[in-house]
Amino acid sequence: MANSVNTNMGANVALQTLNATNKALATTQNRVSTGQAVSSAKDNGALFAIATNQRAEMAAQSSVKQSLQRGQSIVDVALAAGETVVAALTEMKSLAVAIEAGGSSATTTALQADYDALQTEIDNALAGANFDGENLWTASVSVITDTSATAYTIGMGTPADATPSSATAANVQTAIEAFTADMATLGTQSKSLERMVTFAGKMEDALEAGIGNLVDADLAKESAKLTALQTKQQLGVQALSIANSSSQILLSLFR
């Protein structure tokens, strides 16, 4: 090829190579700084779309987990009140037996006063079993169990009446049996919610790992590539400088 001051192919080739190196270096630096091989749609449109959809799913899964945990709290508060009620009913049965056994008017009056006081405690415990404005002893509550908004109802359709019809051992026992049946229902629901929360947490972790597999960069590999590209960039600058000096060599021929 003829030497020319108008066309310097060596400089053009060196410049093209340097530009390609700079582009690759910018890509690698972005991966190192963000920790992601796909941080925007221009990196890989398909993977970016998949990762974005899965991030939305993960955010929704987090909301599902929060809904389930709220349900757990509502059930736990209801169970705590229920334990108080069962203890009171148990004591009321003992008092009912004593009342039925008879005795002096003063004794019967005292026993009845204790019995009535326990009933008041029961009423207060059930009325106070509120969490975030919900009380399973007065109404059922629905929680979301998945990202499709599937509802799971906690509570009882019609909670048992924790007020014995009269102060007799038989009536108190009837109230205990009905109330503990509701307690068993709440206990089962609590276990179910616990399993759902565990599953939601595992799903959240699996989604996060899946997104990472799609878009995360191999930082060890990118670090090695970064060093190589920086060296290549420096060599490219020197090569371009040498190619640009060829016109000075031509000038020396005319001296």
# chains A, B, ... in the order shown; residues from 1 in each chain; ligands from 1
$ closest_atom_pairs --of "region 109-200 of chain A" --to "region 57-75 of chain A" --cutoff "12 Å" --atoms "only C-alpha atoms" --output "Markdown table"
| residue | atom | partner | partner_atom | distance |
| --- | --- | --- | --- | --- |
| A:Gly128 | CA | A:Ile74 | CA | 11.9 |
| A:Ala129 | CA | A:Ile74 | CA | 8.4 |
| A:Asn130 | CA | A:Ile74 | CA | 7.3 |
| A:Phe131 | CA | A:Ile74 | CA | 5.4 |
| A:Asp132 | CA | A:Ile74 | CA | 7.8 |
| A:Gly133 | CA | A:Ile74 | CA | 9.2 |
| A:Glu134 | CA | A:Ile74 | CA | 6.8 |
| A:Asn135 | CA | A:Ile74 | CA | 7.1 |
| A:Leu136 | CA | A:Val75 | CA | 7.2 |
| A:Trp137 | CA | A:Val75 | CA | 9.9 |
| A:Ala139 | CA | A:Ile74 | CA | 11.4 |
| A:Ser140 | CA | A:Ile74 | CA | 10.3 |
| A:Val141 | CA | A:Gly71 | CA | 8.0 |
| A:Ser142 | CA | A:Gly71 | CA | 8.0 |
| A:Val143 | CA | A:Ser67 | CA | 5.8 |
| A:Ile144 | CA | A:Val64 | CA | 5.9 |
| A:Thr145 | CA | A:Val64 | CA | 5.9 |
| A:Asp146 | CA | A:Val64 | CA | 5.8 |
| A:Thr147 | CA | A:Ala60 | CA | 5.9 |
| A:Ser148 | CA | A:Ala60 | CA | 9.3 |
| A:Ala149 | CA | A:Val64 | CA | 8.2 |
| A:Thr150 | CA | A:Val64 | CA | 9.8 |
| A:Ala151 | CA | A:Ser67 | CA | 10.3 |
| A:Tyr152 | CA | A:Leu68 | CA | 9.2 |
| A:Thr153 | CA | A:Gly71 | CA | 9.3 |
| A:Ile154 | CA | A:Gly71 | CA | 7.6 |
| A:Gly155 | CA | A:Val75 | CA | 7.7 |
| A:Met156 | CA | A:Val75 | CA | 11.1 |
| A:Asp182 | CA | A:Val75 | CA | 11.6 |
| A:Met183 | CA | A:Val75 | CA | 10.0 |
| A:Ala184 | CA | A:Val75 | CA | 11.6 |
| A:Thr185 | CA | A:Val75 | CA | 10.3 |
| A:Leu186 | CA | A:Val75 | CA | 6.6 |
| A:Gly187 | CA | A:Val75 | CA | 8.2 |
| A:Thr188 | CA | A:Val75 | CA | 10.2 |
| A:Gln189 | CA | A:Val75 | CA | 7.8 |
| A:Ser190 | CA | A:Gln72 | CA | 6.2 |
| A:Lys191 | CA | A:Gln72 | CA | 9.0 |
| A:Ser192 | CA | A:Gln72 | CA | 9.4 |
| A:Leu193 | CA | A:Gln72 | CA | 6.2 |
| A:Glu194 | CA | A:Gln72 | CA | 7.3 |
| A:Arg195 | CA | A:Leu68 | CA | 9.9 |
| A:Met196 | CA | A:Leu68 | CA | 7.2 |
| A:Val197 | CA | A:Lys65 | CA | 5.7 |
| A:Thr198 | CA | A:Lys65 | CA | 8.7 |
| A:Phe199 | CA | A:Lys65 | CA | 9.0 |
| A:Ala200 | CA | A:Lys65 | CA | 5.7 |
$ closest_atom_pairs --of "region 135-208 of chain A" --to "region 98-111 of chain A" --cutoff "10 Å" --atoms "only C-alpha atoms" --output "tab-separated table"
residue	atom	partner	partner_atom	distance
A:Ala167	CA	A:Ile99	CA	7.6
A:Thr168	CA	A:Glu100	CA	6.6
A:Ala169	CA	A:Glu100	CA	8.0
$ write_last_selection --atoms "N, CA, C and O atoms" --output "PDB file, in the first residue's frame"
ATOM      1  N   ALA A 167     -75.617 -21.652  86.193  1.00  0.00           N
ATOM      2  CA  ALA A 167     -74.462 -22.039  87.008  1.00  0.00           C
ATOM      3  C   ALA A 167     -74.587 -23.476  87.484  1.00  0.00           C
ATOM      4  O   ALA A 167     -74.689 -23.755  88.693  1.00  0.00           O
ATOM      5  N   THR A 168     -74.597 -24.396  86.520  1.00  0.00           N
ATOM      6  CA  THR A 168     -74.584 -25.819  86.862  1.00  0.00           C
ATOM      7  C   THR A 168     -73.372 -26.461  86.206  1.00  0.00           C
ATOM      8  O   THR A 168     -72.897 -26.002  85.161  1.00  0.00           O
ATOM      9  N   ALA A 169     -72.891 -27.530  86.794  1.00  0.00           N
ATOM     10  CA  ALA A 169     -71.700 -28.191  86.246  1.00  0.00           C
ATOM     11  C   ALA A 169     -71.933 -28.672  84.828  1.00  0.00           C
ATOM     12  O   ALA A 169     -71.054 -28.567  83.962  1.00  0.00           O
TER      13      ALA A 169
END
$ select_by_dssp --residues "region 84-228 of chain A" --states "alpha helix (DSSP H)" --output "PyMOL selection string"
chain A and resi 84-101+105-127+169-215+219-228
$ atom_distance --atom1 "CA of Val86 (chain A)" --atom2 "CA of Val172 (chain A)"
10.7 Å
$ closest_residue --among "A:Ile176, A:Val97, A:Ala220, A:Leu214" --to "Gln36 (chain A)" --atoms "only C-alpha atoms"
A:Leu214
$ residues_around --residues "Val32 (chain A)" --least-positions-apart "6" --cutoff "12 Å" --atoms "only C-alpha atoms" --output "PyMOL selection string"
chain A and resi 25-26+38-39+216-227
$ closest_residue --among "A:Thr28, A:Thr163, A:Gln238, A:Ser245" --to "Ala14 (chain A)" --atoms "only C-alpha atoms"
A:Gln238
$ atom_distance --atom1 "CA of Ala78 (chain A)" --atom2 "CA of Pro159 (chain A)"
11.3 Å
